[in-house]
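Colleague: Provided herewith: work-v6.pdb, PDB, C-alpha atoms.
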```
ATOM      1  CA  MET A   1      60.833 -13.531 -28.444
ATOM      2  CA  ASN A   2      57.331 -14.084 -27.139
ATOM      3  CA  PRO A   3      57.015 -12.096 -23.877
ATOM      4  CA  GLY A   4      54.150 -14.342 -22.754
ATOM      5  CA  ARG A   5      56.304 -17.475 -22.465
ATOM      6  CA  CYS A   6      57.025 -18.761 -18.963
ATOM      7  CA  ALA A   7      60.584 -19.037 -17.630
ATOM      8  CA  ALA A   8      60.671 -22.791 -18.343
ATOM      9  CA  CYS A   9      59.581 -22.485 -21.996
ATOM     10  CA  ARG A  10      62.010 -19.617 -22.544
ATOM     11  CA  TYR A  11      64.851 -21.666 -21.088
ATOM     12  CA  LEU A  12      63.868 -24.764 -23.077
ATOM     13  CA  ARG A  13      63.422 -22.600 -26.221
ATOM     14  CA  ARG A  14      59.966 -23.896 -26.955
ATOM     15  CA  ARG A  15      56.461 -22.559 -27.479
ATOM     16  CA  CYS A  16      54.558 -22.063 -24.184
ATOM     17  CA  PRO A  17      51.216 -23.889 -24.633
ATOM     18  CA  PRO A  18      48.054 -22.586 -22.911
ATOM     19  CA  ASP A  19      48.060 -25.622 -20.609
ATOM     20  CA  CYS A  20      51.830 -25.434 -19.871
ATOM     21  CA  ILE A  21      52.553 -27.381 -16.670
ATOM     22  CA  PHE A  22      55.354 -24.945 -15.697
ATOM     23  CA  SER A  23      53.728 -21.624 -16.563
ATOM     24  CA  PRO A  24      51.795 -20.933 -13.286
ATOM     25  CA  TYR A  25      54.854 -21.698 -11.121
ATOM     26  CA  PHE A  26      57.744 -20.340 -13.178
ATOM     27  CA  PRO A  27      56.919 -16.774 -14.246
ATOM     28  CA  PRO A  28      59.152 -15.121 -16.869
ATOM     29  CA  ASN A  29      60.343 -12.465 -14.390
ATOM     30  CA  ASN A  30      62.213 -15.072 -12.298
ATOM     31  CA  PRO A  31      64.266 -17.166 -14.740
ATOM     32  CA  GLN A  32      66.694 -18.374 -12.043
ATOM     33  CA  ARG A  33      63.926 -20.309 -10.289
ATOM     34  CA  PHE A  34      63.541 -22.650 -13.264
ATOM     35  CA  VAL A  35      67.277 -22.809 -14.003
ATOM     36  CA  SER A  36      67.919 -24.108 -10.469
ATOM     37  CA  ILE A  37      65.342 -26.871 -10.470
ATOM     38  CA  HIS A  38      66.183 -27.853 -14.047
ATOM     39  CA  ARG A  39      69.841 -28.233 -13.073
ATOM     40  CA  ILE A  40      69.092 -30.513 -10.101
ATOM     41  CA  TYR A  41      65.985 -32.466 -11.150
ATOM     42  CA  GLY A  42      65.675 -31.983 -14.896
ATOM     43  CA  ALA A  43      62.596 -30.448 -16.548
ATOM     44  CA  SER A  44      60.841 -33.752 -17.264
ATOM     45  CA  ASN A  45      61.120 -35.000 -13.659
ATOM     46  CA  VAL A  46      59.680 -31.723 -12.347
ATOM     47  CA  ALA A  47      56.861 -31.834 -14.920
ATOM     48  CA  LYS A  48      56.045 -35.437 -13.889
ATOM     49  CA  LEU A  49      56.037 -34.518 -10.211
ATOM     50  CA  LEU A  50      53.751 -31.509 -10.741
ATOM     51  CA  GLN A  51      51.394 -33.441 -13.021
ATOM     52  CA  GLN A  52      50.788 -36.146 -10.438
ATOM     53  CA  LEU A  53      49.613 -33.556  -7.868
ATOM     54  CA  PRO A  54      46.215 -31.824  -7.679
ATOM     55  CA  SER A  55      46.581 -28.281  -9.034
ATOM     56  CA  HIS A  56      45.972 -26.579  -5.638
ATOM     57  CA  LEU A  57      49.150 -28.208  -4.241
ATOM     58  CA  ARG A  58      51.478 -27.486  -7.164
ATOM     59  CA  THR A  59      52.623 -24.042  -6.005
ATOM     60  CA  GLN A  60      53.840 -25.482  -2.680
ATOM     61  CA  ALA A  61      55.530 -28.367  -4.521
ATOM     62  CA  ALA A  62      57.302 -25.997  -6.955
ATOM     63  CA  ASP A  63      58.413 -23.833  -3.997
ATOM     64  CA  SER A  64      59.799 -26.779  -2.034
ATOM     65  CA  LEU A  65      61.564 -28.213  -5.105
ATOM     66  CA  TYR A  66      63.149 -24.806  -5.697
ATOM     67  CA  LEU A  67      64.306 -24.595  -2.065
ATOM     68  CA  GLU A  68      65.799 -28.097  -2.167
ATOM     69  CA  ALA A  69      67.543 -27.290  -5.444
ATOM     70  CA  GLN A  70      69.010 -24.142  -3.883
ATOM     71  CA  TYR A  71      70.307 -26.099  -0.883
ATOM     72  CA  ARG A  72      71.833 -28.712  -3.210
ATOM     73  CA  MET A  73      73.599 -26.054  -5.300
ATOM     74  CA  GLU A  74      74.966 -24.385  -2.157
ATOM     75  CA  ASP A  75      76.030 -27.711  -0.638
ATOM     76  CA  PRO A  76      76.410 -30.374  -3.379
ATOM     77  CA  VAL A  77      77.427 -33.029  -0.840
ATOM     78  CA  TYR A  78      74.664 -32.779   1.755
ATOM     79  CA  GLY A  79      71.971 -30.511   0.246
ATOM     80  CA  CYS A  80      69.150 -29.860   2.687
ATOM     81  CA  VAL A  81      70.004 -33.057   4.602
ATOM     82  CA  GLY A  82      72.912 -30.983   5.996
ATOM     83  CA  LEU A  83      70.437 -28.427   7.323
ATOM     84  CA  ILE A  84      68.275 -31.205   8.817
ATOM     85  CA  SER A  85      71.300 -32.566  10.741
ATOM     86  CA  LEU A  86      72.121 -29.067  11.964
ATOM     87  CA  LEU A  87      68.550 -28.464  13.178
ATOM     88  CA  GLN A  88      68.442 -31.865  14.912
ATOM     89  CA  GLN A  89      71.687 -30.988  16.738
ATOM     90  CA  GLN A  90      70.222 -27.597  17.699
ATOM     91  CA  ILE A  91      67.081 -29.291  19.140
ATOM     92  CA  HIS A  92      69.275 -31.692  21.108
ATOM     93  CA  ASP A  93      71.297 -28.759  22.542
ATOM     94  CA  VAL A  94      68.235 -26.715  23.552
ATOM     95  CA  GLU A  95      66.523 -29.780  25.068
ATOM     96  CA  ARG A  96      69.660 -30.510  27.106
ATOM     97  CA  GLN A  97      69.787 -26.876  28.290
ATOM     98  CA  LEU A  98      66.079 -27.066  29.220
ATOM     99  CA  ALA A  99      66.568 -30.306  31.183
ATOM    100  CA  MET A 100      69.462 -28.721  33.088
ATOM    101  CA  THR A 101      67.424 -25.615  33.886
ATOM    102  CA  GLN A 102      64.462 -27.716  35.068
ATOM    103  CA  ALA A 103      66.826 -29.777  37.232
ATOM    104  CA  GLU A 104      68.124 -26.502  38.702
ATOM    105  CA  ILE A 105      64.583 -25.516  39.739
ATOM    106  CA  ALA A 106      63.973 -28.944  41.262
ATOM    107  CA  PHE A 107      67.274 -28.742  43.195
ATOM    108  CA  ARG A 108      66.389 -25.316  44.589
ATOM    109  CA  ALA A 109      62.979 -26.619  45.628
ATOM    110  CA  ARG A 110      64.548 -29.490  47.560
ATOM    111  CA  HIS A 111      67.400 -27.425  49.071
ATOM    112  CA  PRO A 112      66.031 -23.933  49.796
ATOM    113  CA  GLN A 113      68.745 -23.303  52.409
ATOM    114  CA  ALA A 114      71.425 -23.708  49.729
ATOM    115  CA  VAL A 115      69.827 -20.977  47.679
ATOM    116  CA  GLU A 116      71.666 -17.939  49.017
ATOM    117  CA  SER A 117      71.180 -14.489  47.674
ATOM    118  CA  ASN A 118      74.605 -14.292  45.984
ATOM    119  CA  LEU A 119      73.893 -17.615  44.297
ATOM    120  CA  LEU A 120      70.508 -16.399  43.102
ATOM    121  CA  ASN A 121      72.050 -13.255  41.680
ATOM    122  CA  ASN A 122      74.042 -15.475  39.355
ATOM    123  CA  VAL A 123      71.028 -16.875  37.514
ATOM    124  CA  GLY A 124      71.693 -16.600  33.773
ATOM    125  CA  ASN A 125      75.438 -16.348  34.297
ATOM    126  CA  PRO A 126      77.068 -19.092  32.173
ATOM    127  CA  SER A 127      79.687 -19.961  34.826
ATOM    128  CA  PHE A 128      76.876 -20.416  37.350
ATOM    129  CA  SER A 129      74.956 -22.621  34.914
ATOM    130  CA  ASN A 130      78.034 -24.784  34.424
ATOM    131  CA  GLN A 131      78.512 -25.036  38.201
ATOM    132  CA  ALA A 132      74.815 -25.811  38.720
ATOM    133  CA  SER A 133      74.781 -28.419  35.968
ATOM    134  CA  SER A 134      77.615 -30.294  37.678
ATOM    135  CA  TRP A 135      75.282 -30.897  40.649
ATOM    136  CA  PHE A 136      72.853 -32.826  38.481
ATOM    137  CA  MET A 137      75.120 -34.843  36.191
TER
ATOM    138  CA  MET B   1      72.433 -61.543 -16.062
ATOM    139  CA  ASN B   2      75.866 -60.376 -14.960
ATOM    140  CA  PRO B   3      75.918 -60.600 -11.133
ATOM    141  CA  GLY B   4      78.743 -58.047 -11.000
ATOM    142  CA  ARG B   5      76.652 -55.200 -12.354
ATOM    143  CA  CYS B   6      75.706 -52.413  -9.919
ATOM    144  CA  ALA B   7      72.066 -51.619  -9.119
ATOM    145  CA  ALA B   8      72.095 -48.638 -11.507
ATOM    146  CA  CYS B   9      73.437 -50.588 -14.502
ATOM    147  CA  ARG B  10      70.991 -53.430 -13.815
ATOM    148  CA  TYR B  11      68.104 -50.972 -13.697
ATOM    149  CA  LEU B  12      69.277 -49.156 -16.826
ATOM    150  CA  ARG B  13      69.922 -52.533 -18.544
ATOM    151  CA  ARG B  14      73.426 -51.677 -19.564
ATOM    152  CA  ARG B  15      76.947 -53.024 -19.148
ATOM    153  CA  CYS B  16      78.592 -51.905 -15.883
ATOM    154  CA  PRO B  17      81.985 -50.448 -16.894
ATOM    155  CA  PRO B  18      84.997 -50.748 -14.544
ATOM    156  CA  ASP B  19      84.890 -46.979 -13.944
ATOM    157  CA  CYS B  20      81.092 -46.869 -13.483
ATOM    158  CA  ILE B  21      80.159 -43.659 -11.605
ATOM    159  CA  PHE B  22      77.265 -45.407  -9.811
ATOM    160  CA  SER B  23      78.881 -48.729  -8.905
ATOM    161  CA  PRO B  24      80.557 -47.778  -5.562
ATOM    162  CA  TYR B  25      77.379 -46.133  -4.214
ATOM    163  CA  PHE B  26      74.612 -48.348  -5.604
ATOM    164  CA  PRO B  27      75.442 -51.993  -4.826
ATOM    165  CA  PRO B  28      73.378 -54.717  -6.521
ATOM    166  CA  ASN B  29      71.960 -55.921  -3.176
ATOM    167  CA  ASN B  30      70.014 -52.667  -2.681
ATOM    168  CA  PRO B  31      68.171 -52.000  -5.969
ATOM    169  CA  GLN B  32      65.574 -49.698  -4.313
ATOM    170  CA  ARG B  33      68.251 -47.122  -3.471
ATOM    171  CA  PHE B  34      68.883 -46.447  -7.156
ATOM    172  CA  VAL B  35      65.211 -46.712  -8.150
ATOM    173  CA  SER B  36      64.351 -43.913  -5.675
ATOM    174  CA  ILE B  37      66.967 -41.425  -6.788
ATOM    175  CA  HIS B  38      66.400 -42.249 -10.463
ATOM    176  CA  ARG B  39      62.697 -41.511 -10.055
ATOM    177  CA  ILE B  40      63.266 -38.110  -8.435
ATOM    178  CA  TYR B  41      66.471 -36.816 -10.054
ATOM    179  CA  GLY B  42      67.034 -38.975 -13.115
ATOM    180  CA  ALA B  43      70.191 -41.059 -13.610
ATOM    181  CA  SER B  44      72.058 -38.460 -15.682
ATOM    182  CA  ASN B  45      71.550 -35.669 -13.113
ATOM    183  CA  VAL B  46      72.827 -37.928 -10.310
ATOM    184  CA  ALA B  47      75.825 -38.977 -12.441
ATOM    185  CA  LYS B  48      76.641 -35.309 -13.169
ATOM    186  CA  LEU B  49      76.362 -34.406  -9.490
ATOM    187  CA  LEU B  50      78.626 -37.264  -8.383
ATOM    188  CA  GLN B  51      81.172 -36.591 -11.142
ATOM    189  CA  GLN B  52      81.632 -32.980 -10.081
ATOM    190  CA  LEU B  53      82.596 -34.047  -6.541
ATOM    191  CA  PRO B  54      85.927 -35.425  -5.311
ATOM    192  CA  SER B  55      85.604 -39.211  -4.875
ATOM    193  CA  HIS B  56      85.938 -39.121  -1.042
ATOM    194  CA  LEU B  57      82.704 -37.081  -0.802
ATOM    195  CA  ARG B  58      80.575 -39.121  -3.198
ATOM    196  CA  THR B  59      79.282 -41.644  -0.649
ATOM    197  CA  GLN B  60      77.858 -38.842   1.520
ATOM    198  CA  ALA B  61      76.362 -37.174  -1.568
ATOM    199  CA  ALA B  62      74.715 -40.441  -2.722
ATOM    200  CA  ASP B  63      73.368 -40.985   0.818
ATOM    201  CA  SER B  64      71.900 -37.485   1.084
ATOM    202  CA  LEU B  65      70.380 -37.683  -2.427
ATOM    203  CA  TYR B  66      68.779 -40.992  -1.465
ATOM    204  CA  LEU B  67      67.364 -39.508   1.754
ATOM    205  CA  GLU B  68      65.948 -36.486  -0.085
ATOM    206  CA  ALA B  69      64.425 -38.764  -2.724
ATOM    207  CA  GLN B  70      62.795 -40.843   0.023
ATOM    208  CA  TYR B  71      61.327 -37.724   1.662
ATOM    209  CA  ARG B  72      60.016 -36.543  -1.704
ATOM    210  CA  MET B  73      58.354 -39.874  -2.437
ATOM    211  CA  GLU B  74      56.744 -39.919   1.024
ATOM    212  CA  ASP B  75      55.646 -36.290   0.741
ATOM    213  CA  PRO B  76      55.494 -35.233  -2.951
ATOM    214  CA  VAL B  77      54.345 -31.704  -2.018
ATOM    215  CA  TYR B  78      56.916 -30.661   0.586
ATOM    216  CA  GLY B  79      59.669 -33.323   0.497
ATOM    217  CA  CYS B  80      62.302 -32.736   3.148
ATOM    218  CA  VAL B  81      61.383 -29.033   3.285
ATOM    219  CA  GLY B  82      58.359 -30.258   5.277
ATOM    220  CA  LEU B  83      60.684 -31.844   7.819
ATOM    221  CA  ILE B  84      62.790 -28.666   7.983
ATOM    222  CA  SER B  85      59.668 -26.605   8.834
ATOM    223  CA  LEU B  86      58.705 -29.148  11.505
ATOM    224  CA  LEU B  87      62.170 -29.046  13.088
ATOM    225  CA  GLN B  88      62.232 -25.229  13.036
ATOM    226  CA  GLN B  89      58.856 -25.198  14.824
ATOM    227  CA  GLN B  90      60.188 -27.706  17.360
ATOM    228  CA  ILE B  91      63.252 -25.499  18.061
ATOM    229  CA  HIS B  92      60.978 -22.495  18.497
ATOM    230  CA  ASP B  93      58.801 -24.441  20.990
ATOM    231  CA  VAL B  94      61.744 -25.714  23.066
ATOM    232  CA  GLU B  95      63.406 -22.272  23.085
ATOM    233  CA  ARG B  96      60.138 -20.724  24.305
ATOM    234  CA  GLN B  97      59.867 -23.366  27.036
ATOM    235  CA  LEU B  98      63.495 -22.702  28.036
ATOM    236  CA  ALA B  99      62.942 -18.935  28.213
ATOM    237  CA  MET B 100      59.883 -19.491  30.428
ATOM    238  CA  THR B 101      61.795 -21.820  32.734
ATOM    239  CA  GLN B 102      64.722 -19.370  33.006
ATOM    240  CA  ALA B 103      62.260 -16.566  33.768
ATOM    241  CA  GLU B 104      60.769 -18.787  36.486
ATOM    242  CA  ILE B 105      64.202 -19.144  38.132
ATOM    243  CA  ALA B 106      64.787 -15.397  37.914
ATOM    244  CA  PHE B 107      61.364 -14.701  39.477
ATOM    245  CA  ARG B 108      62.062 -17.060  42.369
ATOM    246  CA  ALA B 109      65.414 -15.379  42.942
ATOM    247  CA  ARG B 110      63.787 -11.966  43.177
ATOM    248  CA  HIS B 111      60.793 -13.134  45.277
ATOM    249  CA  PRO B 112      62.039 -15.868  47.625
ATOM    250  CA  GLN B 113      59.123 -15.259  50.046
ATOM    251  CA  ALA B 114      56.677 -16.185  47.273
ATOM    252  CA  VAL B 115      58.368 -19.527  46.869
ATOM    253  CA  GLU B 116      56.312 -21.605  49.244
ATOM    254  CA  SER B 117      56.696 -25.310  49.660
ATOM    255  CA  ASN B 118      53.411 -26.189  47.938
ATOM    256  CA  LEU B 119      54.409 -23.988  45.006
ATOM    257  CA  LEU B 120      57.805 -25.664  44.788
ATOM    258  CA  ASN B 121      56.213 -29.065  44.825
ATOM    259  CA  ASN B 122      54.488 -28.142  41.598
ATOM    260  CA  VAL B 123      57.685 -27.771  39.548
ATOM    261  CA  GLY B 124      57.236 -29.711  36.345
ATOM    262  CA  ASN B 125      53.463 -29.671  36.633
ATOM    263  CA  PRO B 126      52.089 -28.214  33.372
ATOM    264  CA  SER B 127      49.335 -26.224  35.088
ATOM    265  CA  PHE B 128      51.968 -24.660  37.366
ATOM    266  CA  SER B 129      54.137 -23.825  34.350
ATOM    267  CA  ASN B 130      51.202 -22.133  32.662
ATOM    268  CA  GLN B 131      50.463 -20.159  35.817
ATOM    269  CA  ALA B 132      54.130 -19.231  36.236
ATOM    270  CA  SER B 133      54.488 -18.206  32.620
ATOM    271  CA  SER B 134      51.595 -15.768  32.994
ATOM    272  CA  TRP B 135      53.705 -13.835  35.548
ATOM    273  CA  PHE B 136      56.407 -13.164  32.973
ATOM    274  CA  MET B 137      54.478 -12.444  29.791
TER
END
```
As structure tokens, what does this structure read like?
Modeller:
Amino acid sequence: MNPGRCAACRYLRRRCPPDCIFSPYFPPNNPQRFVSIHRIYGASNVAKLLQQLPSHLRTQAADSLYLEAQYRMEDPVYGCVGLISLLQQQIHDVERQLAMTQAEIAFRARHPQAVESNLLNNVGNPSFSNQASSWFM
Amino acid sequence: MNPGRCAACRYLRRRCPPDCIFSPYFPPNNPQRFVSIHRIYGASNVAKLLQQLPSHLRTQAADSLYLEAQYRMEDPVYGCVGLISLLQQQIHDVERQLAMTQAEIAFRARHPQAVESNLLNNVGNPSFSNQASSWFM
């Protein structure tokens, strides 16, 4: 075994040439990184993708391909599209919460007499937020 | 040309067998869908991925693979990982804005005398929000 071979050339059982396209991004001490992307994309597709990029962008491309491959192995049905849906839902929820909170401020500004001390003490209390939100919806 | 062949079999110039793994998910009227995933993953990797899934989940898997392939073709460096970073940043921004707005409500509750009408009229005004946020940070 040649200890200088990169993880890709070791896995593919081939000589690691000096200009190996995989070598800078798949070091021999992290074999799993290449195994993952090989399983999802295939070695030749990854090589093609890296070759078409300028060399200063290849590390980021190898990293993102590895991440996507990991997501796909964890969730073979949705891959990282599942995470994208989850994040979009999370943004929707936080934006809705923000709109409700801003509406609460606007309501208090228009109705200062309704803002009694016991009401104010409930700021941040979920049951109060639910009650307050019903005023605006 | 056999008009019954799926987009994958047409592209691969082969006979489309009755049990073709691609046929239900790559109809002949949308050839680009197969071209995209073939370019990024390769036909055999997509076939393997679909075959390992129960048939009722294969449509979702083909859809998510197609989406990921589209992202990768649009952004060969980051693919859909670029979108994930963007969405995470967006969540961070909205959560920060929400925390500031909630702190604003709490401040007003503790200092009702500071809540003057001209101040209240500025709710939603970005310069007011910046001023208010400086009280809490």
Colleague: Find the residues of chain A in contact range of chain B, meaning any atom within 7 Å when counting only C-alpha atoms, and list them as a ChimeraX atom specification.
Modeller: /A:40-42,45,57,60-61,64,77-78,81,84,87,91,94-95,98,101-102,105-106,109,120,123
Colleague: Take every atom of stretch 24-42 of chain A listed in the file, pad by 6 Å on each side, and give me the axis-aligned box centre and edge lengths in Å, one decimal, as JSON.
Modeller:
```
{"center_x": 60.8, "center_y": -22.5, "center_z": -13.5, "size_x": 30.0, "size_y": 32.0, "size_z": 18.8}
```
Colleague: What is the distance, in Å and to one decimal place, between atom CA of B:Leu12 and atom CA of B:Gln32?
Modeller: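 That distance, rounded to one decimal, is 13.1 Å.
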Colleague: Rounded to one decimal, what separation in Å do you get between atom CA of B:Ala7 and atom CA of B:Pro31?
Modeller: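 That distance, rounded to one decimal, is 5.0 Å.
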Colleague: What lies within 8 Å of stretch 17-22 of chain A using all atoms listed in the file, ignoring chain neighbours under 6 positions off, as a list in words?
Modeller: Cys6, Ala8, Cys9, Ala47, Leu50 and Gln51 of chain A
Colleague: What separation in Å, quoted to one decimal, exists between atom CA of B:Asn30 and atom CA of A:Glu74?
Modeller: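 Computing the Euclidean distance for atom CA of B:Asn30 and atom CA of A:Glu74 yields 28.7 Å.
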Colleague: Identify the residues within 10 Å of coordinate (89.0, -45.2, -1.3) (same frame as the file), considering all atoms listed in the file, and give the answer as a list of chain:residue names.
Modeller: B:Pro24, B:Ser55, B:His56
Colleague: Skipping near chain neighbours, those fewer than 4 positions away, what residues fall within 7 Å of A:Arg33 using only C-alpha atoms, listed as a PDB file with C-alpha atoms, in the frame of the given file?
Modeller:
```pdb
ATOM      1  CA  PHE A  26      57.744 -20.340 -13.178  1.00  0.00           C
ATOM      2  CA  ILE A  37      65.342 -26.871 -10.470  1.00  0.00           C
ATOM      3  CA  TYR A  66      63.149 -24.806  -5.697  1.00  0.00           C
TER       4      TYR A  66
END
```
Colleague: Calculated over all atoms listed in the file, which of the candidates B:Gly4, B:Arg13, B:Gln89, B:Ala69 has the smallest distance to B:Pro28?
Modeller: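 Closest residue, counting all atoms listed in the file: B:Gly4.
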Colleague: Output as a PDB file, in the frame of the given file: stretch 51-60 of chain A, completed with all heavy atoms.
Modeller:
```pdb
ATOM      1  N   GLN A  51      52.585 -32.848 -12.392  1.00  0.00           N
ATOM      2  CA  GLN A  51      51.394 -33.441 -13.021  1.00  0.00           C
ATOM      3  C   GLN A  51      50.679 -34.451 -12.127  1.00  0.00           C
ATOM      4  O   GLN A  51      49.464 -34.596 -12.213  1.00  0.00           O
ATOM      5  CB  GLN A  51      51.780 -34.124 -14.345  1.00  0.00           C
ATOM      6  CG  GLN A  51      51.605 -33.189 -15.528  1.00  0.00           C
ATOM      7  CD  GLN A  51      52.508 -33.531 -16.696  1.00  0.00           C
ATOM      8  OE1 GLN A  51      53.417 -34.362 -16.570  1.00  0.00           O
ATOM      9  NE2 GLN A  51      52.280 -32.885 -17.822  1.00  0.00           N
ATOM     10  N   GLN A  52      51.426 -35.116 -11.278  1.00  0.00           N
ATOM     11  CA  GLN A  52      50.788 -36.146 -10.438  1.00  0.00           C
ATOM     12  C   GLN A  52      50.092 -35.540  -9.215  1.00  0.00           C
ATOM     13  O   GLN A  52      49.440 -36.269  -8.461  1.00  0.00           O
ATOM     14  CB  GLN A  52      51.811 -37.202 -10.012  1.00  0.00           C
ATOM     15  CG  GLN A  52      52.721 -36.750  -8.866  1.00  0.00           C
ATOM     16  CD  GLN A  52      53.774 -37.781  -8.505  1.00  0.00           C
ATOM     17  OE1 GLN A  52      54.093 -38.668  -9.285  1.00  0.00           O
ATOM     18  NE2 GLN A  52      54.340 -37.660  -7.325  1.00  0.00           N
ATOM     19  N   LEU A  53      50.238 -34.214  -9.018  1.00  0.00           N
ATOM     20  CA  LEU A  53      49.613 -33.556  -7.868  1.00  0.00           C
ATOM     21  C   LEU A  53      48.344 -32.814  -8.275  1.00  0.00           C
ATOM     22  O   LEU A  53      48.264 -32.304  -9.401  1.00  0.00           O
ATOM     23  CB  LEU A  53      50.589 -32.533  -7.258  1.00  0.00           C
ATOM     24  CG  LEU A  53      51.836 -33.082  -6.568  1.00  0.00           C
ATOM     25  CD1 LEU A  53      52.763 -31.937  -6.187  1.00  0.00           C
ATOM     26  CD2 LEU A  53      51.454 -33.888  -5.334  1.00  0.00           C
ATOM     27  N   PRO A  54      47.377 -32.679  -7.370  1.00  0.00           N
ATOM     28  CA  PRO A  54      46.215 -31.824  -7.679  1.00  0.00           C
ATOM     29  C   PRO A  54      46.700 -30.370  -7.816  1.00  0.00           C
ATOM     30  O   PRO A  54      47.661 -29.974  -7.152  1.00  0.00           O
ATOM     31  CB  PRO A  54      45.309 -31.997  -6.452  1.00  0.00           C
ATOM     32  CG  PRO A  54      46.144 -32.617  -5.389  1.00  0.00           C
ATOM     33  CD  PRO A  54      47.297 -33.301  -6.038  1.00  0.00           C
ATOM     34  N   SER A  55      46.046 -29.609  -8.686  1.00  0.00           N
ATOM     35  CA  SER A  55      46.581 -28.281  -9.034  1.00  0.00           C
ATOM     36  C   SER A  55      46.721 -27.345  -7.822  1.00  0.00           C
ATOM     37  O   SER A  55      47.620 -26.508  -7.802  1.00  0.00           O
ATOM     38  CB  SER A  55      45.750 -27.633 -10.138  1.00  0.00           C
ATOM     39  OG  SER A  55      44.401 -27.611  -9.748  1.00  0.00           O
ATOM     40  N   HIS A  56      45.868 -27.506  -6.775  1.00  0.00           N
ATOM     41  CA  HIS A  56      45.972 -26.579  -5.638  1.00  0.00           C
ATOM     42  C   HIS A  56      47.203 -26.838  -4.768  1.00  0.00           C
ATOM     43  O   HIS A  56      47.495 -26.056  -3.859  1.00  0.00           O
ATOM     44  CB  HIS A  56      44.692 -26.626  -4.780  1.00  0.00           C
ATOM     45  CG  HIS A  56      44.523 -27.894  -4.012  1.00  0.00           C
ATOM     46  ND1 HIS A  56      44.033 -29.048  -4.585  1.00  0.00           N
ATOM     47  CD2 HIS A  56      44.783 -28.193  -2.722  1.00  0.00           C
ATOM     48  CE1 HIS A  56      44.000 -30.011  -3.659  1.00  0.00           C
ATOM     49  NE2 HIS A  56      44.451 -29.512  -2.527  1.00  0.00           N
ATOM     50  N   LEU A  57      47.937 -27.927  -5.033  1.00  0.00           N
ATOM     51  CA  LEU A  57      49.150 -28.208  -4.241  1.00  0.00           C
ATOM     52  C   LEU A  57      50.437 -27.972  -5.037  1.00  0.00           C
ATOM     53  O   LEU A  57      51.540 -28.129  -4.519  1.00  0.00           O
ATOM     54  CB  LEU A  57      49.128 -29.664  -3.747  1.00  0.00           C
ATOM     55  CG  LEU A  57      48.061 -29.996  -2.711  1.00  0.00           C
ATOM     56  CD1 LEU A  57      48.040 -31.485  -2.410  1.00  0.00           C
ATOM     57  CD2 LEU A  57      48.298 -29.211  -1.414  1.00  0.00           C
ATOM     58  N   ARG A  58      50.291 -27.588  -6.306  1.00  0.00           N
ATOM     59  CA  ARG A  58      51.478 -27.486  -7.164  1.00  0.00           C
ATOM     60  C   ARG A  58      52.379 -26.298  -6.821  1.00  0.00           C
ATOM     61  O   ARG A  58      53.586 -26.387  -6.989  1.00  0.00           O
ATOM     62  CB  ARG A  58      51.050 -27.433  -8.634  1.00  0.00           C
ATOM     63  CG  ARG A  58      50.497 -28.768  -9.106  1.00  0.00           C
ATOM     64  CD  ARG A  58      50.026 -28.697 -10.546  1.00  0.00           C
ATOM     65  NE  ARG A  58      49.392 -29.957 -10.940  1.00  0.00           N
ATOM     66  CZ  ARG A  58      48.710 -30.139 -12.057  1.00  0.00           C
ATOM     67  NH1 ARG A  58      48.561 -29.131 -12.913  1.00  0.00           N
ATOM     68  NH2 ARG A  58      48.159 -31.307 -12.332  1.00  0.00           N
ATOM     69  N   THR A  59      51.785 -25.205  -6.363  1.00  0.00           N
ATOM     70  CA  THR A  59      52.623 -24.042  -6.005  1.00  0.00           C
ATOM     71  C   THR A  59      53.566 -24.424  -4.862  1.00  0.00           C
ATOM     72  O   THR A  59      54.767 -24.147  -4.913  1.00  0.00           O
ATOM     73  CB  THR A  59      51.744 -22.842  -5.578  1.00  0.00           C
ATOM     74  OG1 THR A  59      50.892 -22.520  -6.657  1.00  0.00           O
ATOM     75  CG2 THR A  59      52.575 -21.629  -5.208  1.00  0.00           C
ATOM     76  N   GLN A  60      53.004 -25.072  -3.822  1.00  0.00           N
ATOM     77  CA  GLN A  60      53.840 -25.482  -2.680  1.00  0.00           C
ATOM     78  C   GLN A  60      54.920 -26.475  -3.134  1.00  0.00           C
ATOM     79  O   GLN A  60      56.064 -26.408  -2.673  1.00  0.00           O
ATOM     80  CB  GLN A  60      52.993 -26.157  -1.596  1.00  0.00           C
ATOM     81  CG  GLN A  60      52.010 -25.240  -0.895  1.00  0.00           C
ATOM     82  CD  GLN A  60      50.644 -25.270  -1.542  1.00  0.00           C
ATOM     83  OE1 GLN A  60      50.522 -25.180  -2.770  1.00  0.00           O
ATOM     84  NE2 GLN A  60      49.604 -25.366  -0.734  1.00  0.00           N
TER      85      GLN A  60
END
```
